[in-house]
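K.L.:
Structure in structure tokens, see below.
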Amino acid sequence: MTTTVETLLPTAPPTPYERWRARLSGEPRLRRVAGWLAPLLVTLLAAVLRLVNLGHPHALVFDETYYVKDAWSQWVLGYAATWPEDANARFAAGETDIFTTDPSFVVHPPLGKYLIGAGMALFGADSSFGWRIAAALIGTACVLVLYFLAKALVPSVVFATIAAGLLAIDGQAIVMSRVSLLDIFLAFFILLAVWFMVLDRRAHLDRLAGIVRARTDGGAPPRWGPVRWNRPWVVAAGAAAGAACAVKWSGVWVLAAVGLYLVITDALERRRLGVAFWPMDAVRQGAASFVLLVPVAFVVYLSSWAGWLLTDGGYGRHDADAQPATGVWSWVPLSLQSLWRYHETIYTSMAGMSTPHSYMSPAWAWPFLWRPTAMFTGSVPDGQDGCASAQGCLQILYSMPNPLLWYASVAATVWIGYRFVVVRDWRYAVLLTAIAATWLPWLLFPERTVFQFYTIALLPFLLLALTFALRDIAGPAHASAARRLAGQRVVLVVLAVALALSVFWYPLWSAMQVPYEFYRLHNWMQGWV
């Protein structure tokens, strides 16, 4: 037997965390319990933070003035209708049937508003809990989906629990789950699409490698690889991305990113396997992937307009009747021609949307967190409603991320980008693809009125990047015991401080009544609150 220097070195003793992990892996029953208990508990935590006192404040906050009322008229009529000028106060007071039958021009597709409307139909349109419950449930589901996505990237209960737990306690994720805006629904379907993309990668590449090996003749790889059609996760990713587009058009960037990821990953794998004509081979498979991905996305998107198509009162519903298309498009039903013209109107309106707003924040400023959005602010004088502050009390619903998690996640994304260049880890490619699809397109519209809370679609992937960075800080298995112990202690300190900051900020994330002095403690930057 050959003796090396490595065999003479003493084995580094395990840290307390590593002893616990070894015990967990050595007891199958305990491992199974942890496997279902961890996602259950982290999802339960998310549900509590999002559902408790969900109906407060009983008022249409920020853009709820559009989405809640549009959701209810759409649920009743099949299309969004107009409301009287004083509708907000009357609606909050219980007058929910005062909408007209005249159509309202809306710029976002119907799916998110159908989900809001479903909650209102179940719990009552006059209930602020009812008009927010769908957002709260979907926001809670985002935490669970992030757990499964993280577990698909790194098969570790601890890794997945940390990633999901960070989303569970983050302020922006909490607030966007407590208001009836569309962005939390968009984030959910984007998460689903990326998760399904990762599941397809694992199944497809393993199957592709097996087929190519089977076709290898005398050690020479085949000239052509297979064109695989049996990829259900691609179809599922297309459906999820189509649903994201049916909430907001920005979902189309995710659909495009998923398609590009599928094509590039397949091409690189065919090259690695030695397929002789791998570039053209990848084009063949790319065409098949397009057929699996895009048509189902289109069907899901078009289905979201069913109410508009099957009724007659929607905005622009009969625009094509007087001047139908001629020539090659003359066969298209008039209802679909009218829908196309409606989409042209929407695009023109959205492309020129540059109305100044006190809370607007351009996409280039998002990493710096200069201007989060206050969704609601209410004041209570001293001596009223339990307020005992000489300067009065405030109730604020503030879509502010946990500051430590936000800035650490942005830094971690830079680190992940560097690590990808060095080690070419496919998991980093997944994160960078998702981050690019949910942030970079907004940089193309510097004049548009956009807000910091749009980053709710980006946030889960930033937190995944942070979780990977924390994993690196904890130390690799071959590092010394002192290095691993120090790294794991740093991770614990970061998580503890993040939790403490969430406790400190939670009153401003849930519109609790707080003294003015407590509110002032949160004004760390000029643009905050």
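Ordering of the structure tokens sets the chain letters (A, B, ...), residue numbers begin anew at 1 in every chain, and ligands are numbered from 1 in the order given.
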Write out as a PDB file with N, CA, C and O atoms, in the first residue's frame the residues lying within 9 Å of region 201-206 of chain A, counting only C-alpha atoms and excluding same-chain residues fewer than 4 positions away.

P.N.:
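Contents of the output file part32.pdb:
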```
ATOM      1  N   ALA A 152     -33.882  21.068  -5.234  1.00  0.00           N
ATOM      2  CA  ALA A 152     -33.515  20.518  -6.533  1.00  0.00           C
ATOM      3  C   ALA A 152     -32.103  20.946  -6.939  1.00  0.00           C
ATOM      4  O   ALA A 152     -31.418  20.230  -7.670  1.00  0.00           O
ATOM      5  N   PHE A 196     -39.492  24.042 -12.557  1.00  0.00           N
ATOM      6  CA  PHE A 196     -39.770  23.027 -13.577  1.00  0.00           C
ATOM      7  C   PHE A 196     -38.605  22.924 -14.564  1.00  0.00           C
ATOM      8  O   PHE A 196     -38.275  21.830 -15.042  1.00  0.00           O
ATOM      9  N   MET A 197     -37.977  24.052 -14.877  1.00  0.00           N
ATOM     10  CA  MET A 197     -36.817  24.035 -15.766  1.00  0.00           C
ATOM     11  C   MET A 197     -35.690  23.208 -15.169  1.00  0.00           C
ATOM     12  O   MET A 197     -35.026  22.431 -15.868  1.00  0.00           O
ATOM     13  N   GLY A 210     -27.657   8.631 -21.579  1.00  0.00           N
ATOM     14  CA  GLY A 210     -27.877   7.198 -21.736  1.00  0.00           C
ATOM     15  C   GLY A 210     -28.101   6.810 -23.183  1.00  0.00           C
ATOM     16  O   GLY A 210     -27.566   5.796 -23.661  1.00  0.00           O
ATOM     17  N   ILE A 211     -28.860   7.606 -23.920  1.00  0.00           N
ATOM     18  CA  ILE A 211     -29.137   7.294 -25.324  1.00  0.00           C
ATOM     19  C   ILE A 211     -27.874   7.437 -26.160  1.00  0.00           C
ATOM     20  O   ILE A 211     -27.585   6.601 -27.038  1.00  0.00           O
ATOM     21  N   ARG A 228     -35.567  14.519 -28.378  1.00  0.00           N
ATOM     22  CA  ARG A 228     -36.442  14.007 -27.322  1.00  0.00           C
ATOM     23  C   ARG A 228     -37.698  14.868 -27.202  1.00  0.00           C
ATOM     24  O   ARG A 228     -37.629  16.081 -27.020  1.00  0.00           O
ATOM     25  N   ASN A 230     -40.358  13.550 -25.126  1.00  0.00           N
ATOM     26  CA  ASN A 230     -40.964  13.187 -23.840  1.00  0.00           C
ATOM     27  C   ASN A 230     -40.312  13.986 -22.713  1.00  0.00           C
ATOM     28  O   ASN A 230     -39.495  13.479 -21.950  1.00  0.00           O
ATOM     29  N   ARG A 231     -40.687  15.263 -22.621  1.00  0.00           N
ATOM     30  CA  ARG A 231     -40.122  16.156 -21.604  1.00  0.00           C
ATOM     31  C   ARG A 231     -41.265  16.916 -20.928  1.00  0.00           C
ATOM     32  O   ARG A 231     -41.507  18.099 -21.201  1.00  0.00           O
ATOM     33  N   TRP A 233     -41.642  18.199 -18.071  1.00  0.00           N
ATOM     34  CA  TRP A 233     -41.317  19.372 -17.265  1.00  0.00           C
ATOM     35  C   TRP A 233     -41.138  20.617 -18.125  1.00  0.00           C
ATOM     36  O   TRP A 233     -41.325  21.739 -17.650  1.00  0.00           O
ATOM     37  N   LEU A 262     -32.758  26.118 -21.994  1.00  0.00           N
ATOM     38  CA  LEU A 262     -32.953  24.753 -22.472  1.00  0.00           C
ATOM     39  C   LEU A 262     -32.079  24.467 -23.686  1.00  0.00           C
ATOM     40  O   LEU A 262     -31.434  23.406 -23.776  1.00  0.00           O
ATOM     41  N   THR A 265     -28.147  24.626 -22.706  1.00  0.00           N
ATOM     42  CA  THR A 265     -27.767  23.484 -21.876  1.00  0.00           C
ATOM     43  C   THR A 265     -27.714  22.206 -22.692  1.00  0.00           C
ATOM     44  O   THR A 265     -26.783  21.393 -22.560  1.00  0.00           O
ATOM     45  N   ASP A 266     -28.710  22.018 -23.545  1.00  0.00           N
ATOM     46  CA  ASP A 266     -28.735  20.817 -24.384  1.00  0.00           C
ATOM     47  C   ASP A 266     -27.552  20.804 -25.350  1.00  0.00           C
ATOM     48  O   ASP A 266     -26.916  19.765 -25.549  1.00  0.00           O
ATOM     49  N   GLU A 269     -24.318  19.931 -23.534  1.00  0.00           N
ATOM     50  CA  GLU A 269     -24.274  18.516 -23.144  1.00  0.00           C
ATOM     51  C   GLU A 269     -23.972  17.628 -24.349  1.00  0.00           C
ATOM     52  O   GLU A 269     -23.207  16.660 -24.242  1.00  0.00           O
TER      53      GLU A 269
END
```

K.L.:
Find the residues near Trp83 (chain A): any atom within 10 Å, counting only C-alpha atoms, skip ones fewer than 3 places away on the same chain, and give them as a ChimeraX atom specification.

P.N.:
/A:69-70,73,80,86-88,91,96-104

K.L.:
Output C-alpha atoms for every residue in that selection, as a CSV table (one decimal), in the first residue's frame.

P.N.:
```
chain,number,residue,atom,x,y,z
A,69,LYS,CA,-62.1,46.9,-8.0
A,70,ASP,CA,-61.1,45.6,-11.5
A,73,SER,CA,-66.1,43.7,-11.7
A,80,ALA,CA,-63.1,45.0,-16.0
A,86,ASP,CA,-65.9,58.2,-5.1
A,87,ALA,CA,-65.8,54.4,-5.4
A,88,ASN,CA,-62.9,53.8,-3.0
A,91,PHE,CA,-66.3,50.1,-1.7
A,96,THR,CA,-69.3,46.6,-3.8
A,97,ASP,CA,-72.0,46.6,-6.5
A,98,ILE,CA,-71.7,50.2,-7.7
A,99,PHE,CA,-69.6,49.4,-10.8
A,100,THR,CA,-71.2,50.2,-14.2
A,101,THR,CA,-71.4,48.0,-17.2
A,102,ASP,CA,-69.1,50.3,-19.2
A,103,PRO,CA,-65.7,48.8,-19.9
A,104,SER,CA,-62.5,50.0,-18.2
```

K.L.:
With DSSP run on the backbone, what are the strand (DSSP E) residues within region 186-387 of chain A? I'd like them as a PyMOL selection string.

P.N.:
chain A and resi 373-380

K.L.:
Rounded to one decimal place, report the CA of Pro460 (chain A)-CA of Ile184 (chain A) distance in Å.

P.N.:
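One can read the CA of Pro460 (chain A) to CA of Ile184 (chain A) distance as 11.3 Å.
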
K.L.:
Write out as a list in words each polymer residue whose atoms come within 12 Å of Trp442 (chain A), counting only C-alpha atoms; drop sequence neighbours fewer than 5 positions from it.

P.N.:
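These residues fall inside the cut-off: Trp249, Ser250, Gly251, Trp253, Ala351, Ser361, Pro362, Ala363, Trp364, Ala365, Trp366, Ile435, Ala436, Ala437, Glu447, Arg448, Thr449, Val450, Phe451, Gln452, Tyr454, Thr455 and Leu458 of chain A.
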
K.L.:
As an exercise, work out the distance from CA of Thr43 (chain A) to CA of Ile190 (chain A) in Å and give it to one decimal place.

P.N.:
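Distance between the two atoms: 18.5 Å.
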
K.L.:
Within 7 Å of Val175 (chain A), counting only C-alpha atoms, which residues show up once you throw out same-chain ones fewer than 2 positions away? Write them as a VMD selection string, please.

P.N.:
chain A and resid 171 to 173 177 to 179 398 to 399 509

K.L.:
Please produce a file of the residues just selected, as a compact mmCIF listing (two decimals), in the first residue's frame, where the atoms kept are N, CA, C and O atoms.

P.N.:
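Produced file again_32.txt, reproduced below:
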```
# COMPACT_ATOMS: atom_id res chain seq x y z
N GLY A 171 -39.11 41.33 4.50
CA GLY A 171 -40.18 42.31 4.57
C GLY A 171 -40.90 42.55 3.26
O GLY A 171 -42.13 42.68 3.23
N GLN A 172 -40.16 42.61 2.16
CA GLN A 172 -40.83 42.84 0.89
C GLN A 172 -41.74 41.67 0.54
O GLN A 172 -42.85 41.86 0.05
N ALA A 173 -41.27 40.46 0.77
CA ALA A 173 -42.09 39.28 0.51
C ALA A 173 -43.33 39.27 1.39
O ALA A 173 -44.42 38.87 0.96
N SER A 177 -47.31 40.10 0.00
CA SER A 177 -48.30 39.06 0.26
C SER A 177 -49.48 39.58 1.07
O SER A 177 -50.47 38.87 1.24
N ARG A 178 -49.37 40.80 1.57
CA ARG A 178 -50.42 41.37 2.41
C ARG A 178 -51.18 42.49 1.69
O ARG A 178 -52.01 43.17 2.31
N VAL A 179 -50.88 42.71 0.42
CA VAL A 179 -51.62 43.70 -0.38
C VAL A 179 -52.03 43.04 -1.68
O VAL A 179 -51.35 42.14 -2.18
N TYR A 398 -45.15 49.11 4.67
CA TYR A 398 -43.97 49.57 3.96
C TYR A 398 -43.25 48.39 3.30
O TYR A 398 -42.74 47.49 3.98
N SER A 399 -43.20 48.38 1.98
CA SER A 399 -42.61 47.24 1.24
C SER A 399 -41.08 47.34 1.24
O SER A 399 -40.44 47.46 0.20
N TRP A 509 -44.09 46.44 8.50
CA TRP A 509 -44.48 45.56 7.39
C TRP A 509 -45.93 45.10 7.52
O TRP A 509 -46.45 44.48 6.60
```

K.L.:
So which one's closest to Val68 (chain A), A:Leu260, A:Ile133, A:Val33, A:Leu167? Using only C-alpha atoms, please.

P.N.:
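That would be A:Ile133, the residue with the smallest distance to Val68 (chain A).
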
K.L.:
Give me, please, the distance in Å between CA of Ser409 (chain A) and CA of Val198 (chain A), quoted to one decimal.

P.N.:
21.2 Å

K.L.:
Within 12 Å of Leu115 (chain A), counting only C-alpha atoms, which residues show up once you throw out same-chain ones fewer than 3 positions away? Write them as a compact mmCIF listing (two decimals) with N, CA and C atoms, in the first residue's frame, please.

P.N.:
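Saved to part-v1.txt:
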```txt
# COMPACT_ATOMS: atom_id res chain seq x y z
N TYR A 67 -56.60 47.23 -8.82
CA TYR A 67 -56.68 45.78 -8.99
C TYR A 67 -57.86 45.16 -8.25
N VAL A 68 -58.18 45.63 -7.06
CA VAL A 68 -59.28 45.04 -6.31
C VAL A 68 -60.61 45.31 -7.01
N ASP A 70 -61.10 46.26 -10.17
CA ASP A 70 -61.11 45.59 -11.46
C ASP A 70 -61.35 44.09 -11.30
N ALA A 71 -60.74 43.51 -10.27
CA ALA A 71 -60.90 42.07 -10.04
C ALA A 71 -62.36 41.72 -9.77
N TRP A 72 -63.04 42.57 -9.00
CA TRP A 72 -64.42 42.24 -8.64
C TRP A 72 -65.36 42.43 -9.82
N GLN A 74 -64.54 42.28 -12.93
CA GLN A 74 -64.18 41.22 -13.87
C GLN A 74 -64.77 39.89 -13.45
N TRP A 75 -64.75 39.60 -12.15
CA TRP A 75 -65.31 38.35 -11.64
C TRP A 75 -66.82 38.28 -11.91
N PRO A 109 -52.95 41.78 -18.14
CA PRO A 109 -53.84 40.64 -18.45
C PRO A 109 -54.67 40.23 -17.24
N PRO A 110 -55.66 39.35 -17.44
CA PRO A 110 -56.68 39.12 -16.40
C PRO A 110 -56.32 38.13 -15.30
N LEU A 111 -55.31 37.26 -15.45
CA LEU A 111 -55.18 36.12 -14.54
C LEU A 111 -55.02 36.54 -13.09
N GLY A 112 -54.14 37.49 -12.80
CA GLY A 112 -53.94 37.91 -11.42
C GLY A 112 -55.22 38.44 -10.80
N ALA A 118 -61.33 35.52 -6.95
CA ALA A 118 -61.73 34.26 -6.33
C ALA A 118 -61.75 34.38 -4.82
N GLY A 119 -60.74 35.05 -4.25
CA GLY A 119 -60.74 35.27 -2.80
C GLY A 119 -61.90 36.12 -2.36
N MET A 120 -62.25 37.12 -3.14
CA MET A 120 -63.38 37.99 -2.81
C MET A 120 -64.70 37.21 -2.91
N ALA A 121 -64.80 36.33 -3.89
CA ALA A 121 -66.02 35.53 -4.02
C ALA A 121 -66.19 34.58 -2.83
N LEU A 122 -65.08 34.09 -2.28
CA LEU A 122 -65.14 33.15 -1.16
C LEU A 122 -65.42 33.85 0.17
N GLY A 130 -60.88 39.29 2.42
CA GLY A 130 -61.26 38.60 1.21
C GLY A 130 -60.51 39.08 -0.01
N TRP A 131 -60.28 40.40 -0.10
CA TRP A 131 -59.59 40.86 -1.31
C TRP A 131 -58.08 40.71 -1.22
N ARG A 132 -57.56 40.27 -0.05
CA ARG A 132 -56.11 40.05 0.07
C ARG A 132 -55.73 38.59 0.28
N ILE A 133 -56.69 37.71 0.51
CA ILE A 133 -56.35 36.34 0.88
C ILE A 133 -55.61 35.62 -0.24
N ALA A 134 -55.99 35.88 -1.49
CA ALA A 134 -55.30 35.20 -2.60
C ALA A 134 -53.83 35.56 -2.63
N ALA A 135 -53.51 36.84 -2.45
CA ALA A 135 -52.11 37.27 -2.43
C ALA A 135 -51.36 36.64 -1.27
N ALA A 136 -52.02 36.55 -0.10
CA ALA A 136 -51.36 35.97 1.07
C ALA A 136 -51.07 34.49 0.86
N LEU A 137 -52.01 33.76 0.30
CA LEU A 137 -51.81 32.33 0.08
C LEU A 137 -50.74 32.09 -0.99
N ILE A 138 -50.78 32.88 -2.05
CA ILE A 138 -49.77 32.72 -3.10
C ILE A 138 -48.40 33.11 -2.58
N SER A 180 -53.13 43.50 -2.24
CA SER A 180 -53.67 42.87 -3.44
C SER A 180 -53.14 43.56 -4.69
N LEU A 181 -51.84 43.41 -4.91
CA LEU A 181 -51.22 43.82 -6.15
C LEU A 181 -50.89 42.57 -6.96
N LEU A 182 -50.47 42.74 -8.19
CA LEU A 182 -50.27 41.60 -9.08
C LEU A 182 -48.90 40.95 -8.94
N ILE A 184 -46.97 39.62 -6.64
CA ILE A 184 -46.72 38.37 -5.92
C ILE A 184 -47.18 37.18 -6.76
N PHE A 185 -48.23 37.34 -7.54
CA PHE A 185 -48.67 36.27 -8.44
C PHE A 185 -47.64 36.06 -9.54
N LEU A 186 -47.11 37.15 -10.06
CA LEU A 186 -46.05 37.05 -11.07
C LEU A 186 -44.85 36.30 -10.51
N ALA A 243 -48.59 31.47 -17.57
CA ALA A 243 -49.38 32.06 -16.48
C ALA A 243 -48.74 33.34 -15.98
N ALA A 246 -49.68 35.95 -18.22
CA ALA A 246 -51.09 36.26 -18.07
C ALA A 246 -51.37 37.10 -16.82
N VAL A 247 -50.35 37.30 -15.99
CA VAL A 247 -50.45 38.21 -14.86
C VAL A 247 -49.88 39.58 -15.25
N SER A 304 -56.54 33.01 -20.33
CA SER A 304 -56.81 33.99 -19.27
C SER A 304 -57.75 35.09 -19.76
```

K.L.:
Report as a tab-separated table: every residue of region 452-508 of chain A with an atom at most 12 Å from region 521-527 of chain A, its closest pair of atoms, and their distance in Å to one decimal, counting only C-alpha atoms, with rows sorted by chain and ascending residue number.

P.N.:
```
residue	atom	partner	partner_atom	distance
A:Gln452	CA	A:Gly527	CA	11.6
A:Leu501	CA	A:His522	CA	10.4
A:Ser502	CA	A:His522	CA	11.9
A:Phe504	CA	A:His522	CA	8.8
A:Trp505	CA	A:His522	CA	7.7
A:Tyr506	CA	A:His522	CA	11.1
A:Pro507	CA	A:His522	CA	10.8
A:Leu508	CA	A:His522	CA	9.0
```

K.L.:
Only N, CA, C and O atoms, please: the residues just picked out, written as a short mmCIF file (atom, residue, chain, number, x, y, z; two decimals), in the first residue's frame.

P.N.:
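result09.cif was written with the following content:
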```cif
data_model
loop_
_atom_site.label_atom_id
_atom_site.label_comp_id
_atom_site.auth_asym_id
_atom_site.auth_seq_id
_atom_site.Cartn_x
_atom_site.Cartn_y
_atom_site.Cartn_z
N GLN A 452 -39.57 49.95 -6.63
CA GLN A 452 -38.69 48.98 -5.99
C GLN A 452 -39.39 47.66 -5.74
O GLN A 452 -38.77 46.59 -5.80
N LEU A 501 -33.53 41.74 12.72
CA LEU A 501 -33.95 42.87 11.92
C LEU A 501 -35.39 42.70 11.43
O LEU A 501 -36.15 43.67 11.35
N SER A 502 -35.76 41.47 11.12
CA SER A 502 -37.14 41.23 10.70
C SER A 502 -38.11 41.51 11.85
O SER A 502 -39.19 42.08 11.63
N PHE A 504 -37.57 43.65 14.22
CA PHE A 504 -37.54 45.09 14.39
C PHE A 504 -38.39 45.81 13.34
O PHE A 504 -39.07 46.81 13.64
N TRP A 505 -38.40 45.30 12.11
CA TRP A 505 -39.12 45.95 11.03
C TRP A 505 -40.56 45.47 10.88
O TRP A 505 -41.36 46.15 10.22
N TYR A 506 -40.90 44.34 11.46
CA TYR A 506 -42.21 43.75 11.19
C TYR A 506 -43.39 44.69 11.49
O TYR A 506 -44.38 44.69 10.74
N PRO A 507 -43.34 45.50 12.54
CA PRO A 507 -44.47 46.43 12.75
C PRO A 507 -44.73 47.34 11.56
O PRO A 507 -45.88 47.71 11.30
N LEU A 508 -43.68 47.71 10.82
CA LEU A 508 -43.85 48.56 9.64
C LEU A 508 -44.20 47.75 8.40
O LEU A 508 -44.53 48.32 7.36
#
```

K.L.:
Let's see if you can do this: from backbone DSSP, list all helix (DSSP H, G or I) residues in region 133-247 of chain A, as a PyMOL selection string.

P.N.:
chain A and resi 133-153+157-169+171-176+183-215+232-245

K.L.:
Pull C-alpha atoms from the residues just selected and write them as a PDB file, in the first residue's frame.

P.N.:
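Output below, filename result09.pdb:
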```pdb
ATOM      1  CA  ILE A 133     -56.353  36.340   0.883  1.00  0.00           C
ATOM      2  CA  ALA A 134     -55.305  35.196  -2.596  1.00  0.00           C
ATOM      3  CA  ALA A 135     -52.115  37.267  -2.430  1.00  0.00           C
ATOM      4  CA  ALA A 136     -51.363  35.971   1.072  1.00  0.00           C
ATOM      5  CA  LEU A 137     -51.812  32.330   0.077  1.00  0.00           C
ATOM      6  CA  ILE A 138     -49.772  32.721  -3.099  1.00  0.00           C
ATOM      7  CA  GLY A 139     -47.064  34.560  -1.170  1.00  0.00           C
ATOM      8  CA  THR A 140     -46.947  31.688   1.308  1.00  0.00           C
ATOM      9  CA  ALA A 141     -46.795  29.195  -1.561  1.00  0.00           C
ATOM     10  CA  CYS A 142     -43.770  31.091  -2.941  1.00  0.00           C
ATOM     11  CA  VAL A 143     -41.845  30.075   0.178  1.00  0.00           C
ATOM     12  CA  LEU A 144     -42.718  26.409  -0.325  1.00  0.00           C
ATOM     13  CA  VAL A 145     -41.828  26.481  -4.026  1.00  0.00           C
ATOM     14  CA  LEU A 146     -38.503  28.144  -3.221  1.00  0.00           C
ATOM     15  CA  TYR A 147     -37.821  25.305  -0.770  1.00  0.00           C
ATOM     16  CA  PHE A 148     -38.364  22.720  -3.508  1.00  0.00           C
ATOM     17  CA  LEU A 149     -36.318  24.706  -6.029  1.00  0.00           C
ATOM     18  CA  ALA A 150     -33.429  24.999  -3.561  1.00  0.00           C
ATOM     19  CA  LYS A 151     -33.696  21.272  -2.794  1.00  0.00           C
ATOM     20  CA  ALA A 152     -33.515  20.518  -6.533  1.00  0.00           C
ATOM     21  CA  LEU A 153     -30.317  22.596  -6.774  1.00  0.00           C
ATOM     22  CA  VAL A 157     -32.705  19.996   3.847  1.00  0.00           C
ATOM     23  CA  VAL A 158     -30.621  22.634   5.651  1.00  0.00           C
ATOM     24  CA  PHE A 159     -29.773  24.510   2.444  1.00  0.00           C
ATOM     25  CA  ALA A 160     -33.385  24.493   1.253  1.00  0.00           C
ATOM     26  CA  THR A 161     -34.722  25.496   4.673  1.00  0.00           C
ATOM     27  CA  ILE A 162     -32.371  28.477   4.925  1.00  0.00           C
ATOM     28  CA  ALA A 163     -33.299  29.713   1.432  1.00  0.00           C
ATOM     29  CA  ALA A 164     -37.030  29.356   2.058  1.00  0.00           C
ATOM     30  CA  GLY A 165     -36.726  30.703   5.590  1.00  0.00           C
ATOM     31  CA  LEU A 166     -35.059  33.884   4.373  1.00  0.00           C
ATOM     32  CA  LEU A 167     -37.961  34.489   1.995  1.00  0.00           C
ATOM     33  CA  ALA A 168     -40.421  33.724   4.788  1.00  0.00           C
ATOM     34  CA  ILE A 169     -39.055  36.499   7.008  1.00  0.00           C
ATOM     35  CA  GLY A 171     -40.182  42.315   4.571  1.00  0.00           C
ATOM     36  CA  GLN A 172     -40.826  42.844   0.891  1.00  0.00           C
ATOM     37  CA  ALA A 173     -42.087  39.284   0.505  1.00  0.00           C
ATOM     38  CA  ILE A 174     -44.336  39.765   3.549  1.00  0.00           C
ATOM     39  CA  VAL A 175     -45.798  43.103   2.429  1.00  0.00           C
ATOM     40  CA  MET A 176     -46.379  42.028  -1.168  1.00  0.00           C
ATOM     41  CA  ASP A 183     -46.560  41.219  -8.435  1.00  0.00           C
ATOM     42  CA  ILE A 184     -46.722  38.368  -5.922  1.00  0.00           C
ATOM     43  CA  PHE A 185     -48.669  36.273  -8.437  1.00  0.00           C
ATOM     44  CA  LEU A 186     -46.049  37.055 -11.067  1.00  0.00           C
ATOM     45  CA  ALA A 187     -43.278  35.988  -8.673  1.00  0.00           C
ATOM     46  CA  PHE A 188     -45.057  32.701  -7.915  1.00  0.00           C
ATOM     47  CA  PHE A 189     -45.426  31.625 -11.532  1.00  0.00           C
ATOM     48  CA  ILE A 190     -41.841  32.658 -12.321  1.00  0.00           C
ATOM     49  CA  LEU A 191     -40.618  30.519  -9.434  1.00  0.00           C
ATOM     50  CA  LEU A 192     -42.659  27.594 -10.738  1.00  0.00           C
ATOM     51  CA  ALA A 193     -41.235  28.002 -14.247  1.00  0.00           C
ATOM     52  CA  VAL A 194     -37.637  28.003 -12.988  1.00  0.00           C
ATOM     53  CA  TRP A 195     -38.262  25.019 -10.701  1.00  0.00           C
ATOM     54  CA  PHE A 196     -39.770  23.027 -13.577  1.00  0.00           C
ATOM     55  CA  MET A 197     -36.817  24.035 -15.766  1.00  0.00           C
ATOM     56  CA  VAL A 198     -34.411  22.592 -13.198  1.00  0.00           C
ATOM     57  CA  LEU A 199     -36.432  19.369 -12.915  1.00  0.00           C
ATOM     58  CA  ASP A 200     -36.317  18.999 -16.695  1.00  0.00           C
ATOM     59  CA  ARG A 201     -32.573  19.528 -16.749  1.00  0.00           C
ATOM     60  CA  ARG A 202     -31.982  16.619 -14.400  1.00  0.00           C
ATOM     61  CA  ALA A 203     -34.294  14.222 -16.248  1.00  0.00           C
ATOM     62  CA  HIS A 204     -33.345  15.264 -19.775  1.00  0.00           C
ATOM     63  CA  LEU A 205     -29.565  15.258 -19.459  1.00  0.00           C
ATOM     64  CA  ASP A 206     -29.485  11.866 -17.754  1.00  0.00           C
ATOM     65  CA  ARG A 207     -31.696  10.358 -20.442  1.00  0.00           C
ATOM     66  CA  LEU A 208     -29.733  12.076 -23.232  1.00  0.00           C
ATOM     67  CA  ALA A 209     -26.433  10.706 -21.937  1.00  0.00           C
ATOM     68  CA  GLY A 210     -27.877   7.198 -21.736  1.00  0.00           C
ATOM     69  CA  ILE A 211     -29.137   7.294 -25.324  1.00  0.00           C
ATOM     70  CA  VAL A 212     -25.875   8.692 -26.695  1.00  0.00           C
ATOM     71  CA  ARG A 213     -23.857   6.005 -24.873  1.00  0.00           C
ATOM     72  CA  ALA A 214     -26.154   3.341 -26.288  1.00  0.00           C
ATOM     73  CA  ARG A 215     -25.526   4.650 -29.812  1.00  0.00           C
ATOM     74  CA  PRO A 232     -43.183  16.883 -19.438  1.00  0.00           C
ATOM     75  CA  TRP A 233     -41.317  19.372 -17.265  1.00  0.00           C
ATOM     76  CA  VAL A 234     -40.718  21.587 -20.304  1.00  0.00           C
ATOM     77  CA  VAL A 235     -44.464  21.619 -20.930  1.00  0.00           C
ATOM     78  CA  ALA A 236     -45.025  22.446 -17.255  1.00  0.00           C
ATOM     79  CA  ALA A 237     -42.454  25.264 -17.417  1.00  0.00           C
ATOM     80  CA  GLY A 238     -44.208  26.639 -20.492  1.00  0.00           C
ATOM     81  CA  ALA A 239     -47.560  26.577 -18.696  1.00  0.00           C
ATOM     82  CA  ALA A 240     -46.085  28.367 -15.666  1.00  0.00           C
ATOM     83  CA  ALA A 241     -44.342  30.982 -17.806  1.00  0.00           C
ATOM     84  CA  GLY A 242     -47.562  31.476 -19.764  1.00  0.00           C
ATOM     85  CA  ALA A 243     -49.385  32.057 -16.481  1.00  0.00           C
ATOM     86  CA  ALA A 244     -46.720  34.610 -15.520  1.00  0.00           C
ATOM     87  CA  CYS A 245     -47.359  36.422 -18.817  1.00  0.00           C
TER      88      CYS A 245
END
```

K.L.:
If we count only C-alpha atoms and set the cut-off at 10 Å, which residues sit around Ser389 (chain A), ignoring sequence neighbours fewer than 2 positions away in its own chain? Please answer as a list in words.

P.N.:
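Counting only the stated atoms, we get Val380, Pro381, Asp382, Gly383, Gln384, Gly386, Cys387, Gln391, Gly392, Cys393, Val514, Pro515, Tyr516 and Glu517 of chain A.
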
K.L.:
Measuring between only C-alpha atoms, which one of A:Leu268, A:Thr438, A:Trp229, A:Gly35 shows the shortest distance to Val291 (chain A)?

P.N.:
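Under the stated criterion, the closest residue is A:Trp229.
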
K.L.:
Rank A:His318, A:His357, A:Arg23, A:Arg371 by their smallest atom-to-atom distance to Arg341 (chain A), using only C-alpha atoms, and report the top residue only.

P.N.:
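Ranking A:His318, A:His357, A:Arg23, A:Arg371 by distance to Arg341 (chain A), first place goes to A:His318.
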
K.L.:
Find, counting only C-alpha atoms, the residue in A:Thr82, A:Thr355, A:Gln513, A:Thr15 that gets nearest to Thr65 (chain A).

P.N.:
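Among the listed residues, the smallest separation from Thr65 (chain A) belongs to A:Thr82.
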
K.L.:
I'd like the neighbourhood of region 275-279 of chain A as a PyMOL selection string, where a residue qualifies if any of its atoms comes within 10 Å (using only C-alpha atoms), though same-chain residues fewer than 4 positions away should be ignored.

P.N.:
chain A and resi 212+216+220-225+266-271+283-284
